file entry.pdb (PDB, C-alpha atoms, pLDDT in the B column)
MODEL        1
ATOM      1  CA  PRO A   1      18.858 -27.989 -17.325  1.00 72.00           C
ATOM      2  CA  ALA A   2      18.151 -24.683 -19.003  1.00 72.00           C
ATOM      3  CA  SER A   3      20.794 -23.686 -21.496  1.00 82.00           C
ATOM      4  CA  ASP A   4      20.046 -19.988 -20.931  1.00 83.00           C
ATOM      5  CA  ARG A   5      20.070 -19.616 -17.149  1.00 82.00           C
ATOM      6  CA  PRO A   6      19.738 -15.794 -17.189  1.00 86.00           C
ATOM      7  CA  ALA A   7      16.542 -16.111 -19.279  1.00 85.00           C
ATOM      8  CA  LEU A   8      15.212 -18.722 -16.860  1.00 85.00           C
ATOM      9  CA  LEU A   9      15.939 -16.453 -13.909  1.00 86.00           C
ATOM     10  CA  ALA A  10      14.308 -13.506 -15.679  1.00 89.00           C
ATOM     11  CA  PHE A  11      11.143 -15.555 -16.286  1.00 91.00           C
ATOM     12  CA  GLN A  12      11.082 -16.706 -12.668  1.00 90.00           C
ATOM     13  CA  ARG A  13      11.399 -13.102 -11.506  1.00 92.00           C
ATOM     14  CA  GLN A  14       8.592 -12.020 -13.858  1.00 94.00           C
ATOM     15  CA  THR A  15       6.396 -14.786 -12.536  1.00 94.00           C
ATOM     16  CA  ALA A  16       7.259 -13.895  -8.926  1.00 94.00           C
ATOM     17  CA  ALA A  17       6.334 -10.257  -9.530  1.00 96.00           C
ATOM     18  CA  LEU A  18       3.017 -11.248 -11.094  1.00 97.00           C
ATOM     19  CA  GLN A  19       2.271 -13.683  -8.277  1.00 97.00           C
ATOM     20  CA  ARG A  20       3.045 -10.983  -5.691  1.00 97.00           C
ATOM     21  CA  ALA A  21       0.730  -8.530  -7.413  1.00 98.00           C
ATOM     22  CA  VAL A  22      -2.103 -11.047  -7.842  1.00 98.00           C
ATOM     23  CA  LEU A  23      -1.918 -12.257  -4.232  1.00 97.00           C
ATOM     24  CA  GLY A  24      -1.765  -8.651  -3.040  1.00 97.00           C
ATOM     25  CA  ALA A  25      -4.787  -7.744  -5.155  1.00 98.00           C
ATOM     26  CA  VAL A  26      -6.782 -10.653  -3.698  1.00 97.00           C
ATOM     27  CA  GLU A  27      -6.011  -9.591  -0.137  1.00 97.00           C
ATOM     28  CA  ALA A  28      -6.639  -5.902  -0.885  1.00 97.00           C
ATOM     29  CA  THR A  29     -10.005  -6.820  -2.400  1.00 98.00           C
ATOM     30  CA  ARG A  30     -10.962  -8.877   0.660  1.00 97.00           C
ATOM     31  CA  GLU A  31      -9.938  -6.017   2.938  1.00 97.00           C
ATOM     32  CA  MET A  32     -11.987  -3.567   0.899  1.00 97.00           C
ATOM     33  CA  GLN A  33     -15.015  -5.855   1.089  1.00 97.00           C
ATOM     34  CA  THR A  34     -14.684  -5.841   4.881  1.00 97.00           C
ATOM     35  CA  ARG A  35     -14.544  -2.048   4.855  1.00 97.00           C
ATOM     36  CA  VAL A  36     -17.679  -1.922   2.692  1.00 97.00           C
ATOM     37  CA  ARG A  37     -19.559  -4.231   5.091  1.00 97.00           C
ATOM     38  CA  HIS A  38     -18.669  -1.874   7.957  1.00 96.00           C
ATOM     39  CA  ILE A  39     -19.747   1.119   5.899  1.00 96.00           C
ATOM     40  CA  VAL A  40     -23.174  -0.408   5.252  1.00 95.00           C
ATOM     41  CA  LYS A  41     -23.636  -0.844   9.011  1.00 94.00           C
ATOM     42  CA  ALA A  42     -22.376   2.679   9.693  1.00 94.00           C
ATOM     43  CA  VAL A  43     -24.811   4.180   7.197  1.00 93.00           C
ATOM     44  CA  ASP A  44     -27.668   2.425   9.027  1.00 90.00           C
ATOM     45  CA  HIS A  45     -26.496   4.071  12.268  1.00 90.00           C
ATOM     46  CA  THR A  46     -26.029   7.559  10.873  1.00 90.00           C
ATOM     47  CA  PRO A  47     -28.873   9.972  11.563  1.00 87.00           C
ATOM     48  CA  GLY A  48     -29.657  11.661   8.291  1.00 82.00           C
ATOM     49  CA  GLY A  49     -27.371   9.266   6.420  1.00 82.00           C
ATOM     50  CA  SER A  50     -27.608   9.513   2.677  1.00 87.00           C
ATOM     51  CA  ALA A  51     -29.233   6.716   0.695  1.00 91.00           C
ATOM     52  CA  ALA A  52     -26.649   7.526  -1.976  1.00 94.00           C
ATOM     53  CA  TRP A  53     -23.962   6.275   0.416  1.00 95.00           C
ATOM     54  CA  LEU A  54     -25.624   2.903   0.611  1.00 95.00           C
ATOM     55  CA  THR A  55     -26.091   2.765  -3.160  1.00 96.00           C
ATOM     56  CA  GLU A  56     -22.420   3.601  -3.695  1.00 97.00           C
ATOM     57  CA  ALA A  57     -21.317   1.009  -1.125  1.00 97.00           C
ATOM     58  CA  LYS A  58     -23.336  -1.680  -2.881  1.00 97.00           C
ATOM     59  CA  ARG A  59     -21.940  -0.661  -6.280  1.00 98.00           C
ATOM     60  CA  ILE A  60     -18.404  -0.887  -4.934  1.00 98.00           C
ATOM     61  CA  ASP A  61     -19.136  -4.262  -3.336  1.00 97.00           C
ATOM     62  CA  THR A  62     -20.490  -5.618  -6.617  1.00 97.00           C
ATOM     63  CA  GLY A  63     -17.349  -4.426  -8.390  1.00 98.00           C
ATOM     64  CA  LEU A  64     -15.141  -6.045  -5.763  1.00 98.00           C
ATOM     65  CA  THR A  65     -16.986  -9.335  -6.181  1.00 97.00           C
ATOM     66  CA  GLY A  66     -16.258  -9.179  -9.910  1.00 97.00           C
ATOM     67  CA  VAL A  67     -12.584  -8.533  -9.224  1.00 97.00           C
ATOM     68  CA  LEU A  68     -12.404 -11.560  -6.923  1.00 96.00           C
ATOM     69  CA  VAL A  69     -14.081 -13.770  -9.526  1.00 95.00           C
ATOM     70  CA  ALA A  70     -11.492 -12.686 -12.097  1.00 96.00           C
ATOM     71  CA  LEU A  71      -8.635 -13.268  -9.665  1.00 97.00           C
ATOM     72  CA  ARG A  72      -9.766 -16.503  -7.991  1.00 95.00           C
ATOM     73  CA  GLY A  73     -12.438 -17.922 -10.270  1.00 91.00           C
ATOM     74  CA  ASP A  74     -16.170 -18.388  -9.892  1.00 88.00           C
ATOM     75  CA  GLU A  75     -16.594 -20.514  -6.776  1.00 85.00           C
ATOM     76  CA  VAL A  76     -20.369 -20.734  -7.178  1.00 87.00           C
ATOM     77  CA  MET A  77     -20.087 -22.244 -10.643  1.00 86.00           C
ATOM     78  CA  ARG A  78     -17.384 -24.631  -9.457  1.00 83.00           C
ATOM     79  CA  ARG A  79     -19.543 -25.872  -6.596  1.00 84.00           C
ATOM     80  CA  ARG A  80     -22.234 -26.641  -9.140  1.00 89.00           C
ATOM     81  CA  ASN A  81     -19.720 -28.632 -11.188  1.00 87.00           C
ATOM     82  CA  GLU A  82     -19.997 -26.224 -14.091  1.00 88.00           C
ATOM     83  CA  PRO A  83     -16.958 -25.716 -16.306  1.00 85.00           C
ATOM     84  CA  VAL A  84     -15.193 -22.428 -15.729  1.00 86.00           C
ATOM     85  CA  ALA A  85     -12.196 -20.862 -17.418  1.00 87.00           C
ATOM     86  CA  PRO A  86      -9.023 -20.739 -15.334  1.00 89.00           C
ATOM     87  CA  SER A  87      -8.769 -17.608 -13.239  1.00 94.00           C
ATOM     88  CA  ILE A  88      -5.768 -15.300 -13.220  1.00 96.00           C
ATOM     89  CA  GLY A  89      -4.622 -16.725  -9.903  1.00 96.00           C
ATOM     90  CA  GLU A  90      -4.987 -20.284 -11.120  1.00 95.00           C
ATOM     91  CA  ARG A  91      -2.856 -19.553 -14.169  1.00 95.00           C
ATOM     92  CA  VAL A  92      -0.140 -18.019 -12.007  1.00 95.00           C
ATOM     93  CA  ASP A  93      -0.329 -20.927  -9.546  1.00 94.00           C
ATOM     94  CA  SER A  94       0.073 -23.407 -12.396  1.00 92.00           C
ATOM     95  CA  ILE A  95       3.224 -21.644 -13.572  1.00 92.00           C
ATOM     96  CA  VAL A  96       4.661 -21.551 -10.080  1.00 91.00           C
ATOM     97  CA  SER A  97       3.828 -25.160  -9.227  1.00 88.00           C
ATOM     98  CA  SER A  98       5.038 -26.642 -12.505  1.00 83.00           C
ATOM     99  CA  HIS A  99       7.909 -24.385 -13.410  1.00 77.00           C
ATOM    100  CA  TRP A 100       9.607 -23.406 -10.179  1.00 75.00           C
ATOM    101  CA  THR A 101      10.308 -27.018  -9.236  1.00 77.00           C
ATOM    102  CA  THR A 102      12.520 -27.676 -12.242  1.00 78.00           C
ATOM    103  CA  THR A 103      15.795 -26.390 -13.583  1.00 80.00           C
ATOM    104  CA  GLY A 104      14.631 -26.735 -17.168  1.00 82.00           C
ATOM    105  CA  PRO A 105      13.658 -23.860 -19.401  1.00 85.00           C
ATOM    106  CA  PRO A 106      10.103 -22.526 -19.192  1.00 85.00           C
ATOM    107  CA  THR A 107       7.695 -24.560 -21.269  1.00 87.00           C
ATOM    108  CA  GLY A 108       5.583 -23.042 -23.994  1.00 91.00           C
ATOM    109  CA  THR A 109       2.565 -23.666 -21.765  1.00 91.00           C
ATOM    110  CA  SER A 110       4.147 -21.715 -18.904  1.00 91.00           C
ATOM    111  CA  LEU A 111       5.125 -18.851 -21.196  1.00 93.00           C
ATOM    112  CA  ARG A 112       1.621 -18.684 -22.677  1.00 95.00           C
ATOM    113  CA  ALA A 113      -0.001 -18.934 -19.238  1.00 94.00           C
ATOM    114  CA  TYR A 114       2.106 -15.991 -18.119  1.00 96.00           C
ATOM    115  CA  GLU A 115       1.085 -13.942 -21.175  1.00 97.00           C
ATOM    116  CA  ILE A 116      -2.612 -14.655 -20.623  1.00 97.00           C
ATOM    117  CA  ALA A 117      -2.464 -13.986 -16.878  1.00 97.00           C
ATOM    118  CA  ALA A 118      -0.575 -10.720 -17.390  1.00 97.00           C
ATOM    119  CA  GLU A 119      -3.013  -9.557 -20.100  1.00 97.00           C
ATOM    120  CA  GLU A 120      -6.036 -10.407 -17.967  1.00 97.00           C
ATOM    121  CA  PHE A 121      -4.585  -8.976 -14.767  1.00 98.00           C
ATOM    122  CA  ALA A 122      -3.854  -5.453 -16.042  1.00 97.00           C
ATOM    123  CA  PRO A 123      -7.508  -4.373 -16.505  1.00 98.00           C
ATOM    124  CA  VAL A 124      -8.603  -6.162 -13.318  1.00 98.00           C
ATOM    125  CA  LEU A 125      -5.947  -4.298 -11.336  1.00 98.00           C
ATOM    126  CA  ALA A 126      -7.077  -1.024 -12.929  1.00 98.00           C
ATOM    127  CA  ASP A 127     -10.665  -1.812 -11.876  1.00 98.00           C
ATOM    128  CA  LEU A 128      -9.487  -2.531  -8.338  1.00 98.00           C
ATOM    129  CA  GLN A 129      -7.591   0.746  -8.212  1.00 98.00           C
ATOM    130  CA  ARG A 130     -10.687   2.654  -9.386  1.00 98.00           C
ATOM    131  CA  LEU A 131     -12.824   0.901  -6.787  1.00 98.00           C
ATOM    132  CA  ASP A 132     -10.260   1.778  -4.130  1.00 98.00           C
ATOM    133  CA  ALA A 133     -10.430   5.450  -5.116  1.00 97.00           C
ATOM    134  CA  ASP A 134     -14.241   5.303  -5.067  1.00 98.00           C
ATOM    135  CA  LEU A 135     -14.182   3.667  -1.637  1.00 97.00           C
ATOM    136  CA  ARG A 136     -11.878   6.375  -0.298  1.00 96.00           C
ATOM    137  CA  LYS A 137     -14.244   9.057  -1.631  1.00 96.00           C
ATOM    138  CA  LEU A 138     -17.184   7.318   0.027  1.00 96.00           C
ATOM    139  CA  GLU A 139     -15.259   7.098   3.299  1.00 96.00           C
ATOM    140  CA  ALA A 140     -14.486  10.825   3.075  1.00 94.00           C
ATOM    141  CA  ALA A 141     -18.187  11.555   2.544  1.00 93.00           C
ATOM    142  CA  LEU A 142     -19.060   9.405   5.556  1.00 94.00           C
ATOM    143  CA  GLU A 143     -16.514  11.254   7.671  1.00 92.00           C
ATOM    144  CA  ALA A 144     -17.853  14.619   6.537  1.00 90.00           C
ATOM    145  CA  GLY A 145     -21.405  13.426   7.236  1.00 90.00           C
ATOM    146  CA  GLY A 146     -20.589  12.385  10.787  1.00 90.00           C
ATOM    147  CA  ALA A 147     -21.018   8.640  10.253  1.00 92.00           C
ATOM    148  CA  PRO A 148     -19.603   6.288  12.879  1.00 92.00           C
ATOM    149  CA  TRP A 149     -15.967   5.319  12.432  1.00 91.00           C
ATOM    150  CA  THR A 150     -15.287   2.407  10.117  1.00 93.00           C
ATOM    151  CA  PRO A 151     -12.078   0.422   9.586  1.00 92.00           C
ATOM    152  CA  GLY A 152      -9.721   1.862   7.023  1.00 86.00           C
ATOM    153  CA  ARG A 153     -10.209   5.525   7.760  1.00 86.00           C
ATOM    154  CA  VAL A 154      -8.730   7.917  10.261  1.00 86.00           C
ATOM    155  CA  PRO A 155     -11.327  10.051  12.002  1.00 86.00           C
ATOM    156  CA  VAL A 156     -11.201  13.816  11.806  1.00 85.00           C
ATOM    157  CA  TRP A 157     -11.798  15.771  14.995  1.00 83.00           C
ATOM    158  CA  ARG A 158     -12.062  19.483  15.457  1.00 83.00           C
ATOM    159  CA  LYS A 159     -12.264  21.173  18.819  1.00 86.00           C
TER     160      LYS A 159
ENDMDL
END
call {"tool": "encode", "arguments": {"input": "entry.pdb", "output": "structure tokens"}}
result
Amino acid sequence: PASDRPALLAFQRQTAALQRAVLGAVEATREMQTRVRHIVKAVDHTPGGSAAWLTEAKRIDTGLTGVLVALRGDEVMRRRNEPVAPSIGERVDSIVSSHWTTTGPPTGTSLRAYEIAAEEFAPVLADLQRLDADLRKLEAALEAGGAPWTPGRVPVWRK
């Protein structure tokens, strides 16, 4: 058993907060990718739609793909049996699966995995937040341009 139970609890809470944020970022990224796919279709159905909208949607989608690779790992490389570094999510999962099932103190491996995951996650989350802001701007431009409704935005109507 851990001799310093408050420190153990603090580490478990830190890990839980990181896991919550990482899982939330994965789902937010997937949701944003769905919104982008709908935007691409909407641009095709918008008379006089701007080619810049499509370019921006593709840029955002590429960025979101990069975020998912950082969070979940490179699935394409894995399927080809190529070695890949552990993703942020994999590091967090390893902490949770190995550490939360014991009453012992966190191992050095778990502590280091947390440090690495936290360091890697901060810039990825910042990228995701920037992409979210860019997506919202694109959605506002689509709304102003009279594009068909797409998921994630509330239409504006004026009588």
call {"tool": "resolve_selection", "arguments": {"input": "entry.pdb", "expression": "the PyMOL selection byres ((chain A and resi 42) around 9)", "output": "ChimeraX atom specification"}}
result
/A:37-41,43-46,49,142,147-150
call {"tool": "resolve_selection", "arguments": {"input": "entry.pdb", "expression": "the PyMOL selection byres ((chain A and resi 71) around 12)", "output": "PyMOL selection string"}}
result
chain A and resi 18-19+21-30+64-70+72-75+85-93+117-118+120-125+127-128
call {"tool": "residues_around", "arguments": {"input": "entry.pdb", "residues": "Lys137 (chain A)", "least_positions_apart": "5", "cutoff": "12 Å", "atoms": "only C-alpha atoms", "output": "JSON, numbers by chain"}}
result
{"A": [53, 56, 57, 60, 130, 131, 132, 142, 143, 144, 153]}
call {"tool": "atom_distance", "arguments": {"input": "entry.pdb", "atom1": "CA of Thr55 (chain A)", "atom2": "CA of Pro151 (chain A)"}}
result
19.1 Å
call {"tool": "axis_aligned_box", "arguments": {"input": "entry.pdb", "around": "region 27-45 of chain A", "padding_each_side": "8 Å", "output": "AutoDock Vina command-line options"}}
result
--center_x -16.8 --center_y -2.7 --center_z 4.9 --size_x 37.7 --size_y 29.8 --size_z 30.7
call {"tool": "atom_distance", "arguments": {"input": "entry.pdb", "atom1": "CA of Tyr114 (chain A)", "atom2": "CA of Thr15 (chain A)"}}
result
7.1 Å
call {"tool": "resolve_selection", "arguments": {"input": "entry.pdb", "expression": "the PyMOL selection byres ((chain A and resi 2-12) around 9)", "output": "ChimeraX atom specification"}}
result
/A:1,13-17,96,99-100,103-106,111
call {"tool": "atom_distance", "arguments": {"input": "entry.pdb", "atom1": "CA of Ile95 (chain A)", "atom2": "CA of Ala113 (chain A)"}}
result
7.1 Å
call {"tool": "residues_near_point", "arguments": {"input": "entry.pdb", "point": "(-10.8, -4.1, 7.6)", "cutoff": "7 Å", "atoms": "all atoms listed in the file", "output": "ChimeraX atom specification"}}
result
/A:31-32,34-35,151-152
call {"tool": "decode", "arguments": {"input": "entry.pdb", "residues": "region 52-131 of chain A", "atoms": "C-alpha atoms", "output": "PDB file, in the first residue's frame"}}
result
ATOM      1  CA  ALA A  52     -11.974  29.928 -50.287  1.00  0.00           C
ATOM      2  CA  TRP A  53     -14.581  28.225 -48.095  1.00  0.00           C
ATOM      3  CA  LEU A  54     -13.649  24.859 -49.502  1.00  0.00           C
ATOM      4  CA  THR A  55      -9.934  25.582 -49.130  1.00  0.00           C
ATOM      5  CA  GLU A  56     -10.446  26.606 -45.504  1.00  0.00           C
ATOM      6  CA  ALA A  57     -12.569  23.520 -44.791  1.00  0.00           C
ATOM      7  CA  LYS A  58      -9.853  21.260 -46.174  1.00  0.00           C
ATOM      8  CA  ARG A  59      -7.169  23.067 -44.157  1.00  0.00           C
ATOM      9  CA  ILE A  60      -9.203  22.622 -40.990  1.00  0.00           C
ATOM     10  CA  ASP A  61      -9.814  18.953 -41.794  1.00  0.00           C
ATOM     11  CA  THR A  62      -6.095  18.357 -42.300  1.00  0.00           C
ATOM     12  CA  GLY A  63      -5.389  20.000 -38.948  1.00  0.00           C
ATOM     13  CA  LEU A  64      -8.030  17.873 -37.245  1.00  0.00           C
ATOM     14  CA  THR A  65      -6.493  14.724 -38.704  1.00  0.00           C
ATOM     15  CA  GLY A  66      -3.155  15.752 -37.200  1.00  0.00           C
ATOM     16  CA  VAL A  67      -4.784  16.310 -33.821  1.00  0.00           C
ATOM     17  CA  LEU A  68      -6.345  12.840 -33.916  1.00  0.00           C
ATOM     18  CA  VAL A  69      -3.011  11.249 -34.819  1.00  0.00           C
ATOM     19  CA  ALA A  70      -1.398  12.957 -31.825  1.00  0.00           C
ATOM     20  CA  LEU A  71      -4.229  11.900 -29.526  1.00  0.00           C
ATOM     21  CA  ARG A  72      -4.851   8.340 -30.746  1.00  0.00           C
ATOM     22  CA  GLY A  73      -1.770   7.420 -32.748  1.00  0.00           C
ATOM     23  CA  ASP A  74      -1.176   6.791 -36.427  1.00  0.00           C
ATOM     24  CA  GLU A  75      -3.570   3.995 -37.354  1.00  0.00           C
ATOM     25  CA  VAL A  76      -2.281   3.783 -40.925  1.00  0.00           C
ATOM     26  CA  MET A  77       1.273   3.119 -39.787  1.00  0.00           C
ATOM     27  CA  ARG A  78       0.054   0.588 -37.234  1.00  0.00           C
ATOM     28  CA  ARG A  79      -1.897  -1.330 -39.861  1.00  0.00           C
ATOM     29  CA  ARG A  80       1.298  -1.556 -41.872  1.00  0.00           C
ATOM     30  CA  ASN A  81       3.104  -2.962 -38.833  1.00  0.00           C
ATOM     31  CA  GLU A  82       5.395   0.043 -38.655  1.00  0.00           C
ATOM     32  CA  PRO A  83       6.693   1.119 -35.255  1.00  0.00           C
ATOM     33  CA  VAL A  84       5.023   4.228 -33.909  1.00  0.00           C
ATOM     34  CA  ALA A  85       5.601   6.211 -30.744  1.00  0.00           C
ATOM     35  CA  PRO A  86       2.874   5.927 -28.116  1.00  0.00           C
ATOM     36  CA  SER A  87       0.143   8.497 -28.557  1.00  0.00           C
ATOM     37  CA  ILE A  88      -1.064  10.810 -25.814  1.00  0.00           C
ATOM     38  CA  GLY A  89      -4.160   8.688 -25.309  1.00  0.00           C
ATOM     39  CA  GLU A  90      -2.143   5.497 -25.133  1.00  0.00           C
ATOM     40  CA  ARG A  91       0.104   6.960 -22.454  1.00  0.00           C
ATOM     41  CA  VAL A  92      -2.902   8.021 -20.394  1.00  0.00           C
ATOM     42  CA  ASP A  93      -4.556   4.620 -20.891  1.00  0.00           C
ATOM     43  CA  SER A  94      -1.402   2.873 -19.697  1.00  0.00           C
ATOM     44  CA  ILE A  95      -1.389   4.935 -16.507  1.00  0.00           C
ATOM     45  CA  VAL A  96      -5.050   4.256 -15.871  1.00  0.00           C
ATOM     46  CA  SER A  97      -4.880   0.529 -16.595  1.00  0.00           C
ATOM     47  CA  SER A  98      -1.721  -0.130 -14.597  1.00  0.00           C
ATOM     48  CA  HIS A  99      -2.009   2.343 -11.776  1.00  0.00           C
ATOM     49  CA  TRP A 100      -5.677   2.592 -10.896  1.00  0.00           C
ATOM     50  CA  THR A 101      -5.940  -1.122 -10.146  1.00  0.00           C
ATOM     51  CA  THR A 102      -3.448  -1.017  -7.293  1.00  0.00           C
ATOM     52  CA  THR A 103      -3.202   0.621  -3.912  1.00  0.00           C
ATOM     53  CA  GLY A 104       0.539   1.083  -4.243  1.00  0.00           C
ATOM     54  CA  PRO A 105       2.250   4.371  -4.923  1.00  0.00           C
ATOM     55  CA  PRO A 106       2.569   5.535  -8.529  1.00  0.00           C
ATOM     56  CA  THR A 107       5.534   3.977 -10.271  1.00  0.00           C
ATOM     57  CA  GLY A 108       8.268   6.030 -11.851  1.00  0.00           C
ATOM     58  CA  THR A 109       6.977   4.838 -15.224  1.00  0.00           C
ATOM     59  CA  SER A 110       3.475   6.115 -14.450  1.00  0.00           C
ATOM     60  CA  LEU A 111       4.800   9.453 -13.218  1.00  0.00           C
ATOM     61  CA  ARG A 112       6.967   9.872 -16.321  1.00  0.00           C
ATOM     62  CA  ALA A 113       4.128   8.798 -18.625  1.00  0.00           C
ATOM     63  CA  TYR A 114       1.943  11.455 -17.037  1.00  0.00           C
ATOM     64  CA  GLU A 115       4.626  14.127 -17.524  1.00  0.00           C
ATOM     65  CA  ILE A 116       5.100  13.218 -21.189  1.00  0.00           C
ATOM     66  CA  ALA A 117       1.367  13.009 -21.905  1.00  0.00           C
ATOM     67  CA  ALA A 118       0.708  16.350 -20.201  1.00  0.00           C
ATOM     68  CA  GLU A 119       3.579  18.047 -22.075  1.00  0.00           C
ATOM     69  CA  GLU A 120       2.431  16.657 -25.415  1.00  0.00           C
ATOM     70  CA  PHE A 121      -1.250  17.347 -24.802  1.00  0.00           C
ATOM     71  CA  ALA A 122      -0.978  21.085 -24.080  1.00  0.00           C
ATOM     72  CA  PRO A 123       0.057  22.155 -27.618  1.00  0.00           C
ATOM     73  CA  VAL A 124      -2.325  19.655 -29.238  1.00  0.00           C
ATOM     74  CA  LEU A 125      -5.219  21.076 -27.222  1.00  0.00           C
ATOM     75  CA  ALA A 126      -4.167  24.600 -28.223  1.00  0.00           C
ATOM     76  CA  ASP A 127      -4.176  23.505 -31.884  1.00  0.00           C
ATOM     77  CA  LEU A 128      -7.644  22.019 -31.449  1.00  0.00           C
ATOM     78  CA  GLN A 129      -8.913  25.223 -29.877  1.00  0.00           C
ATOM     79  CA  ARG A 130      -7.511  27.276 -32.780  1.00  0.00           C
ATOM     80  CA  LEU A 131      -9.106  24.922 -35.291  1.00  0.00           C
TER      81      LEU A 131
END
